[in-house]
Amino acid sequence: MQPSGPTSFETTALPDFEGLEHLSLSTGEENVLAGADDVRVGIDPAAAVAVVQLNRPARRNALTQGMIDRLGALLDQLDRNHAVRAVVLMGTRKGAFSAGADIGQLSRLTTDEAHEMKFLTDLNGAFERFSKPIIAAVEGIALGGGFEVALACDIIYASGNATFGLPEVTIGTIPGAGGTQRLVRALGKYKAMELILQRETISGEELARRGLVNKVFKPDEDVVMEAKKLATRIASYSRPVVRIAKEAVLAAENNHLDAGMAVEKKLYYMTFSLDDFKIGTEAFLNKRQPDFQHR
């Protein structure tokens, strides 16, 4: 028998988006975040959910280095914010999620410069360090680096007619933000080869059938709001338990089975000392909803 979860997580609106200047920043982040509106965040304190928006619609949310820096710094900041327990990442409403890297900037990059600046390493690191669930809400196109950003998230919700792809071979390069690695793990070698080597695109509907997209929605349905509902449900559970569960699942992706099983057992046993474990099990035994204290 499984414990029943909360029954309703209706959410009627997105939080107001603000520039990143209003956030409480650590030393060194001020220059990264100040004065830009191409990455925005809204926080719903009642739901404990943050909604992050890529906001460069005139360029289909093509990712500049500044945007990458700001997105990475924002994820680090949200990970430290105890009022946020889950995150939704979106692009333009009924527009593009992201067309990928800004080719104008990319075209000027040399091999030595890429090594020196560790190009895209900070972005990958920010997602890998992020301990809270992050849900990509994909509408329109998610190409190149945009697809890779979605792949770096924990869950993907998408419109059925959203278009995904890794077309980097057409401009003389390859995916460089985890696409070759994550796509093979998600779809297998052969489909990944097909998509990458001939720049084939694939719909949200087909990726859902293949298990990469968690859920697809019709054109008249609101992908972002559905993602926020899911984030609100997840945020209602124990913060440390959700964090530990995410860490255990990622261990399976990054380790061989034996190593992953060992990590899982270690993390599983850790939950037994949490106050929320006692709260959750007692609530189940007494047939009532748990009131998690997030410790």
# chains A, B, ... in the order shown; residues from 1 in each chain; ligands from 1

$ residues_around --residues "region 134-140 of chain A" --least-positions-apart "3" --cutoff "9 Å" --atoms "only C-alpha atoms" --output "VMD selection string"
chain A and resid 86 to 98 127 130 to 131 149 to 164 204 223 to 228 230 to 231

$ closest_residue --among "A:Gly42, A:Gly125, A:Gly100, A:Gly172" --to "Asp69 (chain A)" --atoms "only C-alpha atoms"
A:Gly125

$ select_by_dssp --residues "region 45-265 of chain A" --states "alpha helix (DSSP H)" --output "compact mmCIF listing (two decimals) with C-alpha atoms, in the first residue's frame"
# COMPACT_ATOMS: atom_id res chain seq x y z
CA GLN A 65 27.66 34.03 -22.51
CA GLY A 66 26.09 36.64 -20.26
CA MET A 67 22.84 34.66 -20.13
CA ILE A 68 24.75 31.49 -19.35
CA ASP A 69 26.62 33.23 -16.53
CA ARG A 70 23.40 34.69 -15.13
CA LEU A 71 21.51 31.40 -15.34
CA GLY A 72 24.31 29.56 -13.54
CA ALA A 73 24.57 32.20 -10.81
CA LEU A 74 20.79 32.23 -10.39
CA LEU A 75 20.64 28.45 -9.96
CA ASP A 76 23.34 28.67 -7.29
CA GLN A 77 21.37 31.40 -5.53
CA LEU A 78 18.09 29.48 -5.67
CA ASP A 79 19.81 26.37 -4.34
CA ARG A 80 20.77 28.35 -1.24
CA ILE A 103 26.05 31.81 -33.09
CA GLY A 104 27.47 35.32 -33.45
CA GLN A 105 29.33 34.93 -30.17
CA LEU A 106 30.17 31.28 -30.78
CA THR A 111 39.95 26.58 -29.10
CA ASP A 112 42.43 28.26 -26.76
CA GLU A 113 39.82 30.76 -25.58
CA ALA A 114 37.28 27.99 -24.99
CA HIS A 115 39.79 26.13 -22.82
CA GLU A 116 40.81 29.28 -20.97
CA MET A 117 37.24 30.31 -20.13
CA THR A 121 31.60 24.13 -17.98
CA ASP A 122 30.04 26.60 -15.55
CA LEU A 123 26.57 25.95 -16.98
CA ASN A 124 26.93 22.18 -16.71
CA GLY A 125 28.33 22.56 -13.21
CA ALA A 126 25.41 24.74 -12.08
CA PHE A 127 22.87 22.11 -13.12
CA GLU A 128 24.94 19.29 -11.66
CA ARG A 129 25.27 21.10 -8.33
CA GLY A 145 22.17 24.32 -26.34
CA GLY A 146 18.46 24.85 -25.69
CA PHE A 147 17.86 21.10 -25.95
CA GLU A 148 20.93 20.49 -23.77
CA VAL A 149 19.58 22.83 -21.08
CA ALA A 150 16.31 20.86 -21.08
CA LEU A 151 18.27 17.59 -20.88
CA ALA A 152 20.11 18.94 -17.83
CA GLY A 179 24.08 16.57 -25.58
CA THR A 180 26.18 13.68 -26.89
CA GLN A 181 26.31 12.11 -23.44
CA ARG A 182 22.80 12.66 -22.08
CA LEU A 183 21.03 11.85 -25.35
CA VAL A 184 22.76 8.45 -25.59
CA ARG A 185 21.71 7.65 -22.02
CA ALA A 186 18.15 8.73 -22.71
CA LEU A 187 17.54 7.33 -26.21
CA LYS A 189 23.33 5.06 -29.20
CA TYR A 190 21.51 4.53 -32.47
CA LYS A 191 18.78 7.15 -32.16
CA ALA A 192 21.29 9.61 -30.70
CA MET A 193 23.57 9.04 -33.71
CA GLU A 194 20.67 9.61 -36.09
CA LEU A 195 19.63 12.86 -34.43
CA ILE A 196 23.15 14.28 -34.07
CA LEU A 197 24.82 13.18 -37.32
CA GLY A 204 7.82 16.47 -28.07
CA GLU A 205 5.19 13.82 -28.87
CA GLU A 206 7.79 11.34 -30.14
CA LEU A 207 10.20 12.05 -27.28
CA ALA A 208 7.37 11.30 -24.85
CA ARG A 209 6.82 7.94 -26.55
CA VAL A 223 2.65 23.64 -20.38
CA VAL A 224 4.16 26.12 -17.93
CA MET A 225 1.19 26.04 -15.56
CA GLU A 226 1.15 22.24 -15.64
CA ALA A 227 4.86 22.22 -14.81
CA LYS A 228 4.22 24.61 -11.93
CA LYS A 229 1.48 22.32 -10.60
CA LEU A 230 3.95 19.45 -10.60
CA ALA A 231 6.61 21.60 -8.93
CA THR A 232 4.09 22.62 -6.27
CA ARG A 233 3.26 18.98 -5.56
CA ILE A 234 6.94 18.05 -5.27
CA ALA A 235 7.63 21.08 -3.06
CA ARG A 239 12.83 19.05 1.34
CA PRO A 240 15.68 16.82 2.55
CA VAL A 241 13.94 13.64 1.38
CA VAL A 242 13.33 15.08 -2.10
CA ARG A 243 16.97 16.18 -2.27
CA ILE A 244 18.19 12.74 -1.23
CA ALA A 245 15.86 11.02 -3.71
CA LYS A 246 17.19 13.19 -6.54
CA GLU A 247 20.78 12.41 -5.55
CA ALA A 248 20.03 8.67 -5.53
CA VAL A 249 18.43 8.74 -8.99
CA LEU A 250 21.35 10.71 -10.42
CA ALA A 251 23.73 8.13 -8.95
CA ALA A 252 22.13 5.56 -11.25
CA GLU A 253 22.82 7.77 -14.26
CA ASN A 254 26.42 8.46 -13.33
CA LEU A 257 24.79 -0.58 -11.17
CA ASP A 258 26.81 -1.83 -8.19
CA ALA A 259 28.13 1.64 -7.39
CA GLY A 260 24.68 3.15 -7.84
CA MET A 261 23.12 0.58 -5.52
CA ALA A 262 25.72 1.38 -2.86
CA VAL A 263 24.97 5.10 -3.12
CA GLU A 264 21.24 4.42 -2.95
CA LYS A 265 21.58 2.36 0.22

$ select_by_dssp --residues "region 52-207 of chain A" --states "strand (DSSP E)" --output "list of chain:residue names"
A:Val52, A:Gln53, A:Leu54, A:Ala86, A:Val87, A:Val88, A:Leu89, A:Met90, A:Ile134, A:Ile135, A:Ala136, A:Ala137, A:Val138, A:Ile141, A:Ala142, A:Leu143, A:Ile155, A:Ile156, A:Tyr157, A:Ala158, A:Ser159, A:Thr163, A:Phe164, A:Gly165, A:Thr201, A:Ile202, A:Ser203
